[in-house]
$ cat my_file.cif   # mmCIF, C-alpha atoms
data_model
#
loop_
_atom_site.label_atom_id
_atom_site.label_comp_id
_atom_site.auth_asym_id
_atom_site.auth_seq_id
_atom_site.Cartn_x
_atom_site.Cartn_y
_atom_site.Cartn_z
CA MET A 259 -50.27 35.09 -175.25
CA GLY A 260 -49.36 35.92 -171.65
CA LEU A 261 -48.52 33.32 -169.06
CA VAL A 262 -51.71 33.99 -167.08
CA THR A 263 -53.88 33.65 -170.17
CA ALA A 264 -52.09 30.44 -171.20
CA ALA A 265 -52.63 28.94 -167.74
CA ALA A 266 -56.29 29.97 -167.85
CA LEU A 267 -56.64 28.37 -171.27
CA LEU A 268 -55.23 25.09 -169.96
CA LEU A 269 -57.58 25.10 -166.97
CA ALA A 270 -60.54 25.98 -169.19
CA ALA A 271 -59.69 23.13 -171.55
CA GLY A 272 -59.41 20.79 -168.59
CA LEU A 273 -62.86 21.79 -167.33
CA ALA A 274 -64.42 21.35 -170.74
CA GLY A 275 -62.69 18.00 -171.22
CA LEU A 276 -63.92 16.75 -167.85
CA GLY A 277 -67.50 17.71 -168.66
CA LEU A 278 -67.24 16.20 -172.14
CA GLY A 279 -66.02 12.91 -170.71
CA ILE A 280 -68.80 12.67 -168.13
CA GLU A 281 -71.52 13.58 -170.61
CA GLU A 282 -70.23 11.21 -173.29
CA ARG A 283 -70.26 8.31 -170.83
CA ARG A 284 -73.81 9.26 -169.83
CA ARG A 285 -74.84 9.30 -173.47
CA LEU A 286 -73.44 5.82 -174.01
CA ALA A 287 -74.92 4.39 -170.80
CA PRO A 288 -76.99 1.27 -171.58
CA ALA A 289 -80.69 1.49 -170.79
CA PRO A 290 -82.57 -1.49 -169.42
CA PRO A 291 -84.07 -3.55 -172.27
CA ALA A 292 -87.43 -2.53 -173.67
CA LEU A 293 -90.36 -4.81 -173.08
CA PRO A 294 -91.57 -6.97 -175.97
CA THR A 295 -94.78 -6.06 -177.73
CA PRO A 296 -97.62 -7.83 -175.93
CA PRO A 297 -99.20 -10.68 -177.91
CA THR A 298 -102.68 -10.44 -179.30
CA PRO A 299 -105.18 -11.39 -176.57
CA PRO A 300 -106.69 -14.85 -177.04
CA THR A 301 -110.32 -15.25 -178.03
CA PRO A 302 -112.73 -15.91 -175.15
CA SER A 303 -113.01 -19.59 -176.09
CA ALA A 304 -109.25 -20.01 -175.78
CA LEU A 305 -108.87 -18.34 -172.40
CA PRO A 306 -107.27 -20.59 -169.74
CA GLU A 307 -109.30 -21.59 -166.76
CA ALA A 308 -108.93 -19.47 -163.64
CA PRO A 309 -106.77 -20.88 -160.82
CA PRO A 310 -108.69 -23.06 -158.36
CA GLY A 311 -110.64 -20.97 -155.90
CA GLY A 312 -109.83 -17.81 -157.82
CA VAL A 313 -106.40 -17.53 -156.14
CA PRO A 314 -104.18 -15.19 -158.16
CA ALA A 315 -100.74 -16.29 -159.36
CA PRO A 316 -97.94 -15.37 -156.93
CA ALA A 317 -96.14 -12.10 -157.62
CA ALA A 318 -92.70 -12.26 -159.21
CA ALA A 319 -91.46 -9.58 -156.82
CA THR A 320 -92.20 -8.10 -153.43
CA VAL A 321 -91.47 -4.42 -152.89
CA LEU A 322 -89.85 -3.54 -149.56
CA LEU A 323 -90.39 0.12 -148.61
CA PRO A 324 -88.75 1.12 -145.28
CA VAL A 325 -90.09 4.46 -144.01
CA ARG A 326 -89.32 6.84 -141.16
CA ASP A 327 -91.20 10.15 -140.92
CA GLU A 328 -92.21 10.14 -144.59
CA GLU A 329 -95.74 11.58 -144.42
CA ARG A 330 -95.06 14.06 -147.23
CA ASN A 331 -93.80 11.35 -149.61
CA LEU A 332 -95.64 8.18 -148.72
CA VAL A 333 -98.98 8.43 -150.52
CA PRO A 334 -97.64 9.36 -154.00
CA CYS A 335 -94.89 6.77 -153.61
CA LEU A 336 -97.42 4.03 -152.83
CA ALA A 337 -99.61 5.08 -155.75
CA ALA A 338 -96.64 4.58 -158.08
CA LEU A 339 -95.69 1.24 -156.53
CA LEU A 340 -99.22 -0.12 -156.78
CA ALA A 341 -99.32 0.91 -160.45
CA LEU A 342 -96.24 -1.16 -161.32
CA GLN A 343 -96.71 -3.79 -163.98
CA GLY A 344 -96.52 -7.24 -162.46
CA PRO A 345 -98.19 -6.51 -160.18
CA PRO A 346 -95.95 -6.88 -157.10
CA ALA A 347 -96.85 -7.25 -153.47
CA VAL A 348 -95.84 -4.20 -151.43
CA ARG A 349 -94.62 -4.19 -147.84
CA VAL A 350 -94.28 -0.90 -145.97
CA ILE A 351 -92.05 -1.21 -142.91
CA ASP A 352 -92.50 1.66 -140.48
CA ASP A 353 -89.22 2.36 -138.70
CA GLY A 354 -90.44 4.25 -135.64
CA SER A 355 -92.06 7.22 -137.36
CA SER A 356 -93.15 10.10 -135.14
CA ASP A 357 -95.49 11.67 -137.72
CA ALA A 358 -98.52 10.38 -139.64
CA THR A 359 -96.56 7.93 -141.81
CA ALA A 360 -97.94 4.75 -140.22
CA ALA A 361 -101.52 6.05 -140.21
CA LEU A 362 -101.33 6.96 -143.89
CA ALA A 363 -99.90 3.55 -144.78
CA ALA A 364 -102.61 1.82 -142.75
CA ALA A 365 -105.33 3.76 -144.57
CA VAL A 366 -103.98 2.71 -147.97
CA ALA A 367 -103.53 -0.90 -146.82
CA ALA A 368 -107.17 -1.07 -145.68
CA ALA A 369 -108.27 -0.56 -149.28
CA GLU A 370 -105.49 -2.45 -151.06
CA PRO A 371 -104.97 -6.19 -150.39
CA ARG A 372 -101.53 -6.17 -152.05
CA LEU A 373 -100.20 -3.74 -149.44
CA THR A 374 -99.02 -4.82 -146.00
CA LEU A 375 -97.93 -2.52 -143.18
CA LEU A 376 -95.30 -3.85 -140.76
CA ALA A 377 -93.59 -2.30 -137.75
CA ALA A 378 -89.80 -2.57 -137.66
CA GLY A 379 -89.78 -2.69 -133.86
CA PRO A 380 -86.85 -1.76 -131.62
CA LEU A 381 -83.51 -1.32 -133.33
CA PRO A 382 -81.08 -4.08 -132.27
CA ALA A 383 -77.54 -3.18 -131.29
CA GLY A 384 -75.16 -3.11 -134.23
CA TRP A 385 -77.83 -2.52 -136.87
CA ARG A 386 -78.62 0.52 -139.00
CA GLY A 387 -82.30 1.43 -138.96
CA LYS A 388 -83.03 1.09 -142.68
CA VAL A 389 -81.27 -2.27 -143.00
CA HIS A 390 -83.08 -3.62 -139.94
CA ALA A 391 -86.41 -2.51 -141.42
CA LEU A 392 -85.55 -4.31 -144.65
CA ARG A 393 -84.74 -7.48 -142.72
CA VAL A 394 -88.12 -7.32 -140.98
CA GLY A 395 -89.87 -6.71 -144.28
CA ALA A 396 -88.16 -9.65 -146.00
CA GLU A 397 -89.24 -12.20 -143.38
CA GLY A 398 -91.61 -14.76 -144.88
CA VAL A 399 -91.43 -13.39 -148.44
CA GLU A 400 -91.81 -16.17 -151.00
CA SER A 401 -91.52 -14.25 -154.27
CA PRO A 402 -88.28 -14.86 -156.17
CA TRP A 403 -87.33 -11.18 -156.30
CA LEU A 404 -87.13 -8.35 -153.75
CA LEU A 405 -87.39 -4.74 -154.92
CA LEU A 406 -85.91 -2.22 -152.48
CA THR A 407 -86.89 1.43 -152.85
CA ASP A 408 -87.40 4.65 -150.88
CA ALA A 409 -90.39 6.87 -150.18
CA ASP A 410 -88.97 9.81 -152.16
CA VAL A 411 -88.80 7.68 -155.33
CA ARG A 412 -91.43 7.72 -158.07
CA LEU A 413 -91.39 4.69 -160.36
CA ARG A 414 -93.00 4.46 -163.78
CA PRO A 415 -95.29 1.45 -164.37
CA ALA A 416 -92.74 -0.41 -166.54
CA ALA A 417 -89.79 -0.03 -164.13
CA LEU A 418 -90.06 -3.42 -162.44
CA ALA A 419 -90.86 -5.31 -165.63
CA ARG A 420 -87.85 -3.82 -167.41
CA ALA A 421 -85.58 -4.61 -164.46
CA LEU A 422 -86.74 -8.23 -164.57
CA ALA A 423 -86.11 -8.25 -168.32
CA ALA A 424 -82.58 -6.94 -167.74
CA ALA A 425 -81.96 -9.65 -165.15
CA ALA A 426 -83.10 -12.35 -167.57
CA GLN A 427 -81.21 -10.97 -170.56
CA GLN A 428 -77.90 -10.37 -168.74
CA ARG A 429 -78.22 -13.28 -166.25
CA LEU A 430 -78.05 -10.86 -163.32
CA ASP A 431 -78.76 -11.57 -159.68
CA ALA A 432 -79.31 -7.89 -158.87
CA VAL A 433 -80.42 -4.98 -161.02
CA SER A 434 -80.16 -1.35 -159.93
CA PHE A 435 -81.33 1.81 -161.68
CA THR A 436 -80.33 5.41 -161.25
CA GLY A 437 -82.94 7.86 -162.44
CA LEU A 438 -83.75 11.52 -162.85
CA GLN A 439 -82.60 13.45 -159.78
CA GLU A 440 -85.04 16.32 -159.40
CA ALA A 441 -83.97 19.74 -158.13
CA HIS A 442 -86.22 22.67 -157.22
CA GLY A 443 -85.12 26.11 -156.09
CA LEU A 444 -81.67 27.61 -155.71
CA GLY A 445 -80.18 25.35 -153.04
CA GLU A 446 -81.17 22.08 -154.68
CA ASN A 447 -80.14 23.27 -158.14
CA LEU A 448 -76.72 24.37 -156.94
CA VAL A 449 -75.92 21.05 -155.26
CA VAL A 450 -77.83 18.14 -156.80
CA PRO A 451 -76.63 18.26 -160.46
CA ALA A 452 -73.06 18.92 -159.33
CA VAL A 453 -73.15 15.97 -156.91
CA PHE A 454 -74.33 13.56 -159.58
CA ALA A 455 -71.76 14.82 -162.08
CA LEU A 456 -69.15 14.02 -159.41
CA LEU A 457 -70.63 10.55 -158.79
CA ASP A 458 -70.87 9.82 -162.52
CA ALA A 459 -67.20 10.76 -162.86
CA GLN A 460 -66.36 8.23 -160.14
CA LEU A 461 -68.35 5.50 -161.92
CA GLY A 462 -66.50 5.82 -165.21
CA ASP A 463 -67.86 3.73 -168.08
CA TRP A 464 -71.43 2.51 -167.70
CA GLU A 465 -71.21 -0.44 -170.09
CA PRO A 466 -69.32 -2.83 -167.78
CA ALA A 467 -71.51 -1.88 -164.81
CA ALA A 468 -74.66 -2.70 -166.78
CA ALA A 469 -73.28 -6.01 -168.03
CA GLY A 470 -72.43 -7.40 -164.60
CA GLY A 471 -68.78 -6.36 -164.59
CA GLY A 472 -66.81 -3.26 -163.68
CA MET A 473 -66.96 -1.84 -160.19
CA ALA A 474 -69.63 -3.04 -157.78
CA VAL A 475 -72.20 -0.26 -157.60
CA ALA A 476 -75.87 -0.03 -156.69
CA ASN A 477 -78.51 2.56 -155.89
CA GLY A 478 -80.91 1.83 -153.04
CA GLN A 479 -83.56 4.00 -154.68
CA PHE A 480 -84.15 1.07 -157.03
CA LEU A 481 -82.44 -2.21 -156.22
CA LEU A 482 -83.89 -5.52 -157.39
CA LEU A 483 -82.40 -8.59 -155.66
CA ARG A 484 -82.84 -12.25 -156.51
CA ARG A 485 -83.99 -13.45 -153.12
CA ALA A 486 -82.28 -16.86 -153.17
CA ALA A 487 -78.93 -15.29 -154.10
CA TRP A 488 -79.22 -12.61 -151.44
CA GLU A 489 -80.21 -15.06 -148.72
CA SER A 490 -77.27 -17.31 -149.62
CA CYS A 491 -74.99 -14.33 -148.91
CA GLY A 492 -76.42 -13.95 -145.40
CA GLY A 493 -79.21 -11.55 -146.28
CA PHE A 494 -79.50 -8.16 -144.65
CA ALA A 495 -77.44 -9.26 -141.65
CA ALA A 496 -74.42 -9.13 -143.97
CA VAL A 497 -74.78 -5.33 -144.26
CA ARG A 498 -76.36 -4.57 -140.88
CA ASP A 499 -73.85 -1.84 -139.95
CA ALA A 500 -72.97 -0.51 -143.42
CA ALA A 501 -73.14 3.27 -143.72
CA ILE A 502 -73.89 3.00 -147.48
CA ASP A 503 -75.89 -0.22 -147.49
CA ASP A 504 -76.80 -0.32 -151.21
CA VAL A 505 -73.20 -0.27 -152.45
CA GLU A 506 -72.22 -2.78 -149.76
CA MET A 507 -74.99 -5.12 -150.98
CA ALA A 508 -73.42 -5.09 -154.45
CA PHE A 509 -69.99 -5.83 -152.95
CA VAL A 510 -71.39 -8.72 -150.90
CA LEU A 511 -73.10 -10.26 -153.92
CA ARG A 512 -69.96 -9.92 -156.04
CA ARG A 513 -67.80 -11.51 -153.32
CA HIS A 514 -70.08 -14.55 -153.40
CA GLY A 515 -69.83 -14.88 -157.16
CA PHE A 516 -73.13 -13.28 -158.15
CA ARG A 517 -73.67 -10.77 -160.94
CA THR A 518 -74.99 -7.24 -160.42
CA GLY A 519 -76.03 -4.75 -163.10
CA PHE A 520 -76.37 -0.96 -162.92
CA PHE A 521 -78.37 1.02 -165.51
CA ARG A 522 -79.20 4.64 -166.19
CA ALA A 523 -83.00 4.91 -166.41
CA PRO A 524 -84.28 8.50 -166.09
CA ASP A 525 -87.44 7.50 -167.97
CA LEU A 526 -88.32 4.91 -165.30
CA VAL A 527 -87.22 6.44 -161.99
CA SER A 528 -87.37 9.98 -160.61
CA VAL A 529 -86.28 11.11 -157.17
CA ARG A 530 -86.30 14.26 -155.12
CA MET A 531 -84.08 13.18 -152.26
CA TYR A 532 -83.98 16.41 -150.28
CA GLN A 533 -86.20 19.46 -150.23
CA GLY A 534 -84.73 22.88 -149.60
CA TRP A 535 -81.31 24.28 -148.85
CA ARG A 536 -80.82 22.85 -145.36
CA GLU A 537 -81.88 19.31 -146.25
CA VAL A 538 -79.78 19.13 -149.39
CA ILE A 539 -76.63 20.41 -147.67
CA ARG A 540 -76.97 18.12 -144.66
CA GLY A 541 -78.03 15.11 -146.71
CA TRP A 542 -75.19 15.29 -149.19
CA ARG A 543 -72.66 16.14 -146.50
CA ARG A 544 -73.60 12.85 -144.85
CA ASN A 545 -73.72 10.85 -148.10
CA LEU A 546 -70.46 12.16 -149.53
CA GLY A 547 -68.78 11.57 -146.20
CA SER A 548 -69.79 7.92 -146.48
CA LEU A 549 -69.08 7.49 -150.18
CA ILE A 550 -65.80 9.39 -150.51
CA GLY A 551 -64.66 10.26 -146.98
CA HIS A 552 -62.63 7.04 -146.63
CA ARG A 553 -60.86 7.58 -149.98
CA PRO A 554 -58.49 10.53 -149.42
CA GLY A 555 -57.00 10.41 -152.91
CA VAL A 556 -60.39 10.57 -154.59
CA ALA A 557 -61.58 13.31 -152.23
CA LEU A 558 -58.45 15.39 -152.86
CA ALA A 559 -58.74 15.02 -156.64
CA ALA A 560 -62.42 16.02 -156.54
CA LEU A 561 -61.69 19.04 -154.34
CA GLY A 562 -58.90 20.08 -156.68
CA ALA A 563 -61.15 19.89 -159.75
CA LEU A 564 -63.78 21.97 -157.96
CA VAL A 565 -61.62 24.57 -156.24
CA VAL A 566 -58.53 25.22 -158.40
CA PRO A 567 -60.36 26.70 -161.43
CA ALA A 568 -62.51 28.82 -159.12
CA LEU A 569 -59.43 30.16 -157.32
CA ALA A 570 -57.76 30.86 -160.65
CA LEU A 571 -60.85 32.79 -161.75
CA ALA A 572 -60.78 34.85 -158.56
CA ALA A 573 -57.05 35.56 -159.03
CA ALA A 574 -57.63 36.65 -162.62
CA LEU A 575 -60.36 39.05 -161.55
CA VAL A 576 -58.25 40.51 -158.75
CA THR A 577 -55.24 41.06 -161.02
CA GLY A 578 -57.29 42.51 -163.86
CA ALA A 579 -56.59 39.65 -166.27
CA GLY A 580 -59.92 40.01 -168.01
CA CYS A 581 -59.23 37.60 -170.87
CA ALA A 582 -58.14 34.85 -168.47
CA ALA A 583 -61.17 35.46 -166.26
CA ALA A 584 -63.52 35.29 -169.26
CA LEU A 585 -61.96 32.03 -170.41
CA LEU A 586 -62.29 30.41 -166.99
CA TRP A 587 -65.80 31.58 -166.30
CA GLY A 588 -67.03 30.75 -169.80
CA ALA A 589 -65.60 27.22 -169.68
CA GLY A 590 -66.92 26.61 -166.17
CA ALA A 591 -70.40 27.98 -166.88
CA ALA A 592 -70.70 26.11 -170.17
CA THR A 593 -69.55 22.84 -168.59
CA SER A 594 -71.93 23.27 -165.67
CA ALA A 595 -74.86 24.07 -167.99
CA TRP A 596 -74.02 21.14 -170.28
CA LEU A 597 -73.85 18.65 -167.42
CA ARG A 598 -77.14 19.97 -166.01
CA ALA A 599 -78.87 19.56 -169.35
CA GLY A 600 -77.52 16.02 -169.64
CA SER A 601 -78.89 15.05 -166.23
CA GLY A 602 -82.33 16.54 -166.91
CA ASN A 603 -81.82 19.64 -164.74
CA ARG A 604 -82.06 23.32 -165.65
CA PRO A 605 -78.98 24.50 -167.62
CA ALA A 606 -79.51 28.16 -166.70
CA PHE A 607 -78.16 27.55 -163.19
CA GLY A 608 -74.78 26.92 -164.81
CA LEU A 609 -74.47 30.70 -165.14
CA LEU A 610 -73.89 30.79 -161.37
CA TYR A 611 -70.52 29.06 -161.79
CA PRO A 612 -68.27 28.90 -159.75
CA LEU A 613 -70.77 29.15 -156.88
CA ASP A 614 -72.02 25.61 -157.52
CA ALA A 615 -68.48 24.21 -157.54
CA LEU A 616 -67.53 25.99 -154.32
CA VAL A 617 -70.71 24.92 -152.50
CA LEU A 618 -70.11 21.30 -153.50
CA ALA A 619 -66.48 21.56 -152.41
CA GLY A 620 -67.59 22.82 -149.01
CA VAL A 621 -70.14 20.02 -148.63
CA LEU A 622 -67.58 17.39 -149.65
CA ALA A 623 -64.89 18.80 -147.34
CA ALA A 624 -67.31 18.82 -144.41
CA GLY A 625 -68.35 15.24 -145.12
CA VAL A 626 -64.72 14.09 -145.30
CA ARG A 627 -63.99 15.82 -141.99
CA ASP A 628 -67.02 14.14 -140.39
CA ARG A 629 -65.83 10.75 -141.62
CA ARG A 630 -62.34 11.29 -140.24
CA ARG A 631 -63.87 12.21 -136.88
CA GLY A 632 -65.77 8.90 -136.89
CA ARG A 633 -69.34 10.23 -137.01
CA LEU A 634 -71.49 11.50 -139.87
CA LEU A 635 -74.36 13.93 -139.46
CA SER A 636 -77.39 12.37 -137.79
CA TRP A 637 -80.32 11.13 -139.88
CA LYS A 638 -83.88 11.70 -138.61
CA GLY A 639 -82.75 11.63 -135.00
CA ARG A 640 -80.37 8.69 -135.36
CA GLU A 641 -76.64 8.92 -134.90
CA MET A 642 -74.44 7.74 -137.79
CA PRO A 643 -71.14 6.43 -136.42
CA VAL A 644 -68.57 5.06 -138.89
CA GLY A 645 -65.70 2.69 -138.34
#
$ encode --input "my_file.cif" --output "structure tokens"
Amino acid sequence: MGLVTAAALLLAAGLAGLGLGIEERRRLAPAPPALPTPPTPPTPSALPEAPPGGVPAPAAATVLLPVRDEERNLVPCLAALLALQGPPAVRVIDDGSSDATAALAAAVAAAEPRLTLLAAGPLPAGWRGKVHALRVGAEGVESPWLLLTDADVRLRPAALARALAAAAQQRLDAVSFTGLQEAHGLGENLVVPAVFALLDAQLGDWEPAAAGGGMAVANGQFLLLRRAAWESCGGFAAVRDAAIDDVEMAFVLRRHGFRTGFFRAPDLVSVRMYQGWREVIRGWRRNLGSLIGHRPGVALAALGALVVPALALAAALVTGAGCAAALLWGAGAATSAWLRAGSGNRPAFGLLYPLDALVLAGVLAAGVRDRRRGRLLSWKGREMPVG
């Protein structure tokens, strides 16, 4: 075996091992507990009396949905929220939308008493827009739990009930789910599965995260907070300028001695964060700049894992080392396809390896550069400075 082929074999084994490790941890990730079988309904003679005046029992949770220019997502999102078992109250907080978002929310609210539309109002100095909208939405809430979510999220009816069950079973003060990350078309399919493989690699083992231990992690697409615990930490003012507010919320809760749990729940949550090539590149450039841009060691290791095998493949092709090139491409394509299948995305796009790895490397490098310059890409017309 030649030196080039041996080196290619080592790199190919490394790629396969990395994919195997990520997928095995995904496979072992705890799911939120299933709901118990409902009891047999009582006979009519045994039914309890209705509350005085016909006033319904208070909701266990209030959903806070901050929105800004979300006319394409809002109506299906609200339909899913209003179908949640519970049922929860829902507050839509319009954060200065310039499209039909507020009008659509108002139309739904006119026919649905559980839905309230609020205006976030002017953005105070030192606050991020989403966090300020959440603070406005939380004012006056009396339910014991707050569920934070986004307009591009689609929840299944049992999502809230199973999160509450997880909180009770594990004695958690916050429960967060990550779900199925949808991808449509070439641009989304190149970037989205690769991004979440990278993020899953950073998380490591899921078991401690689900049990209230391990690293503090959360996903703002589905984040259930015990209101009393969160308010005792200072509430949303404690994360008013955080670039990645969901993760910072988990850190704040942990610092105050509270327990947070993180579960993989693709059967309960689905999300299509960005639509089309331009949105997905810009969105993940901004997000990865926030998540990884301040951790140079992690960023360098990720870039190495993405770029080195691709460069070795290119070198093998240029020098005519066909066996080495076949090893590298086969291992990369198989790993990419395997990870895509494990995350619920289309495995066939793995055949485009190493294009997916190189695109992700470029997005990550750009995000790290933005972070080092002190400003991430803008979001819906708002600047995103970082400290």
$ closest_residue --input "my_file.cif" --among "A:Phe480, A:Trp542, A:Trp385, A:Trp535" --to "A:Ala523" --atoms "all atoms listed in the file"
A:Phe480
$ residues_around --input "my_file.cif" --residues "A:Ala270" --least-positions-apart "6" --cutoff "10 Å" --atoms "only C-alpha atoms" --output "PDB file with C-alpha atoms, keeping the file's coordinate frame"
ATOM      1  CA  ALA A 264     -52.090  30.440-171.200  1.00  0.00           C
ATOM      2  CA  LEU A 276     -63.920  16.750-167.850  1.00  0.00           C
ATOM      3  CA  PRO A 567     -60.360  26.700-161.430  1.00  0.00           C
ATOM      4  CA  ALA A 582     -58.140  34.850-168.470  1.00  0.00           C
ATOM      5  CA  ALA A 583     -61.170  35.460-166.260  1.00  0.00           C
ATOM      6  CA  ALA A 584     -63.520  35.290-169.260  1.00  0.00           C
ATOM      7  CA  LEU A 585     -61.960  32.030-170.410  1.00  0.00           C
ATOM      8  CA  LEU A 586     -62.290  30.410-166.990  1.00  0.00           C
ATOM      9  CA  TRP A 587     -65.800  31.580-166.300  1.00  0.00           C
ATOM     10  CA  GLY A 588     -67.030  30.750-169.800  1.00  0.00           C
ATOM     11  CA  ALA A 589     -65.600  27.220-169.680  1.00  0.00           C
ATOM     12  CA  GLY A 590     -66.920  26.610-166.170  1.00  0.00           C
ATOM     13  CA  THR A 593     -69.550  22.840-168.590  1.00  0.00           C
TER      14      THR A 593
END
$ resolve_selection --input "my_file.cif" --expression "the PyMOL selection byres ((chain A and resi 624-638) around 6)" --output "NGL selection string"
:A and (543-544 or 546-547 or 551 or 621-623 or 639-644)
$ write_last_selection --input "my_file.cif" --atoms "C-alpha atoms" --output "CSV table (one decimal), keeping the file's coordinate frame"
chain,number,residue,atom,x,y,z
A,543,ARG,CA,-72.7,16.1,-146.5
A,544,ARG,CA,-73.6,12.8,-144.8
A,546,LEU,CA,-70.5,12.2,-149.5
A,547,GLY,CA,-68.8,11.6,-146.2
A,551,GLY,CA,-64.7,10.3,-147.0
A,621,VAL,CA,-70.1,20.0,-148.6
A,622,LEU,CA,-67.6,17.4,-149.6
A,623,ALA,CA,-64.9,18.8,-147.3
A,639,GLY,CA,-82.8,11.6,-135.0
A,640,ARG,CA,-80.4,8.7,-135.4
A,641,GLU,CA,-76.6,8.9,-134.9
A,642,MET,CA,-74.4,7.7,-137.8
A,643,PRO,CA,-71.1,6.4,-136.4
A,644,VAL,CA,-68.6,5.1,-138.9
$ closest_atom_pairs --input "my_file.cif" --of "stretch 429-528 of chain A" --to "stretch 277-280 of chain A" --cutoff "10 Å" --atoms "all atoms listed in the file" --output "JSON lines"
{"residue": "A:Ala455", "atom": "CA", "partner": "A:Ile280", "partner_atom": "CA", "distance": 7.1}
{"residue": "A:Leu456", "atom": "CA", "partner": "A:Ile280", "partner_atom": "CA", "distance": 8.8}
{"residue": "A:Leu457", "atom": "CA", "partner": "A:Ile280", "partner_atom": "CA", "distance": 9.8}
{"residue": "A:Asp458", "atom": "CA", "partner": "A:Ile280", "partner_atom": "CA", "distance": 6.6}
{"residue": "A:Ala459", "atom": "CA", "partner": "A:Ile280", "partner_atom": "CA", "distance": 5.8}
{"residue": "A:Gln460", "atom": "CA", "partner": "A:Ile280", "partner_atom": "CA", "distance": 9.5}
{"residue": "A:Leu461", "atom": "CA", "partner": "A:Ile280", "partner_atom": "CA", "distance": 9.5}
{"residue": "A:Gly462", "atom": "CA", "partner": "A:Ile280", "partner_atom": "CA", "distance": 7.8}
{"residue": "A:Asp463", "atom": "CA", "partner": "A:Ile280", "partner_atom": "CA", "distance": 9.0}
$ resolve_selection --input "my_file.cif" --expression "the PyMOL selection byres ((chain A and resi 433) around 10)" --output "PyMOL selection string"
chain A and resi 290+405+418+420-425+428+430-432+434-435+468+470+476-477+480-484+508+517-521
$ write_last_selection --input "my_file.cif" --atoms "C-alpha atoms" --output "compact mmCIF listing (two decimals), keeping the file's coordinate frame"
# COMPACT_ATOMS: atom_id res chain seq x y z
CA PRO A 290 -82.57 -1.49 -169.42
CA LEU A 405 -87.39 -4.74 -154.92
CA LEU A 418 -90.06 -3.42 -162.44
CA ARG A 420 -87.85 -3.82 -167.41
CA ALA A 421 -85.58 -4.61 -164.46
CA LEU A 422 -86.74 -8.23 -164.57
CA ALA A 423 -86.11 -8.25 -168.32
CA ALA A 424 -82.58 -6.94 -167.74
CA ALA A 425 -81.96 -9.65 -165.15
CA GLN A 428 -77.90 -10.37 -168.74
CA LEU A 430 -78.05 -10.86 -163.32
CA ASP A 431 -78.76 -11.57 -159.68
CA ALA A 432 -79.31 -7.89 -158.87
CA SER A 434 -80.16 -1.35 -159.93
CA PHE A 435 -81.33 1.81 -161.68
CA ALA A 468 -74.66 -2.70 -166.78
CA GLY A 470 -72.43 -7.40 -164.60
CA ALA A 476 -75.87 -0.03 -156.69
CA ASN A 477 -78.51 2.56 -155.89
CA PHE A 480 -84.15 1.07 -157.03
CA LEU A 481 -82.44 -2.21 -156.22
CA LEU A 482 -83.89 -5.52 -157.39
CA LEU A 483 -82.40 -8.59 -155.66
CA ARG A 484 -82.84 -12.25 -156.51
CA ALA A 508 -73.42 -5.09 -154.45
CA ARG A 517 -73.67 -10.77 -160.94
CA THR A 518 -74.99 -7.24 -160.42
CA GLY A 519 -76.03 -4.75 -163.10
CA PHE A 520 -76.37 -0.96 -162.92
CA PHE A 521 -78.37 1.02 -165.51
$ closest_residue --input "my_file.cif" --among "A:Ala606, A:Ile502, A:Ala441, A:Gly478" --to "A:Ser548" --atoms "all atoms listed in the file"
A:Ile502
$ closest_atom_pairs --input "my_file.cif" --of "stretch 479-581 of chain A" --to "stretch 408-413 of chain A" --cutoff "12 Å" --atoms "only C-alpha atoms" --output "tab-separated table"
residue	atom	partner	partner_atom	distance
A:Gln479	CA	A:Asp408	CA	5.4
A:Phe480	CA	A:Asp408	CA	7.8
A:Leu481	CA	A:Asp408	CA	10.0
A:Asp504	CA	A:Asp408	CA	11.7
A:Ala523	CA	A:Leu413	CA	10.3
A:Pro524	CA	A:Leu413	CA	9.9
A:Asp525	CA	A:Leu413	CA	9.0
A:Leu526	CA	A:Leu413	CA	5.8
A:Val527	CA	A:Leu413	CA	4.8
A:Ser528	CA	A:Arg412	CA	5.3
A:Val529	CA	A:Val411	CA	4.6
A:Arg530	CA	A:Asp410	CA	6.0
A:Met531	CA	A:Asp410	CA	5.9
A:Tyr532	CA	A:Asp410	CA	8.5
A:Gln533	CA	A:Asp410	CA	10.2
$ write_last_selection --input "my_file.cif" --atoms "C-alpha atoms" --output "PDB file, in the coordinates of the input"
ATOM      1  CA  GLN A 479     -83.560   4.000-154.680  1.00  0.00           C
ATOM      2  CA  PHE A 480     -84.150   1.070-157.030  1.00  0.00           C
ATOM      3  CA  LEU A 481     -82.440  -2.210-156.220  1.00  0.00           C
ATOM      4  CA  ASP A 504     -76.800  -0.320-151.210  1.00  0.00           C
ATOM      5  CA  ALA A 523     -83.000   4.910-166.410  1.00  0.00           C
ATOM      6  CA  PRO A 524     -84.280   8.500-166.090  1.00  0.00           C
ATOM      7  CA  ASP A 525     -87.440   7.500-167.970  1.00  0.00           C
ATOM      8  CA  LEU A 526     -88.320   4.910-165.300  1.00  0.00           C
ATOM      9  CA  VAL A 527     -87.220   6.440-161.990  1.00  0.00           C
ATOM     10  CA  SER A 528     -87.370   9.980-160.610  1.00  0.00           C
ATOM     11  CA  VAL A 529     -86.280  11.110-157.170  1.00  0.00           C
ATOM     12  CA  ARG A 530     -86.300  14.260-155.120  1.00  0.00           C
ATOM     13  CA  MET A 531     -84.080  13.180-152.260  1.00  0.00           C
ATOM     14  CA  TYR A 532     -83.980  16.410-150.280  1.00  0.00           C
ATOM     15  CA  GLN A 533     -86.200  19.460-150.230  1.00  0.00           C
TER      16      GLN A 533
END
$ closest_residue --input "my_file.cif" --among "A:Leu323, A:Ala615, A:Val576, A:Leu571" --to "A:Arg393" --atoms "all atoms listed in the file"
A:Leu323
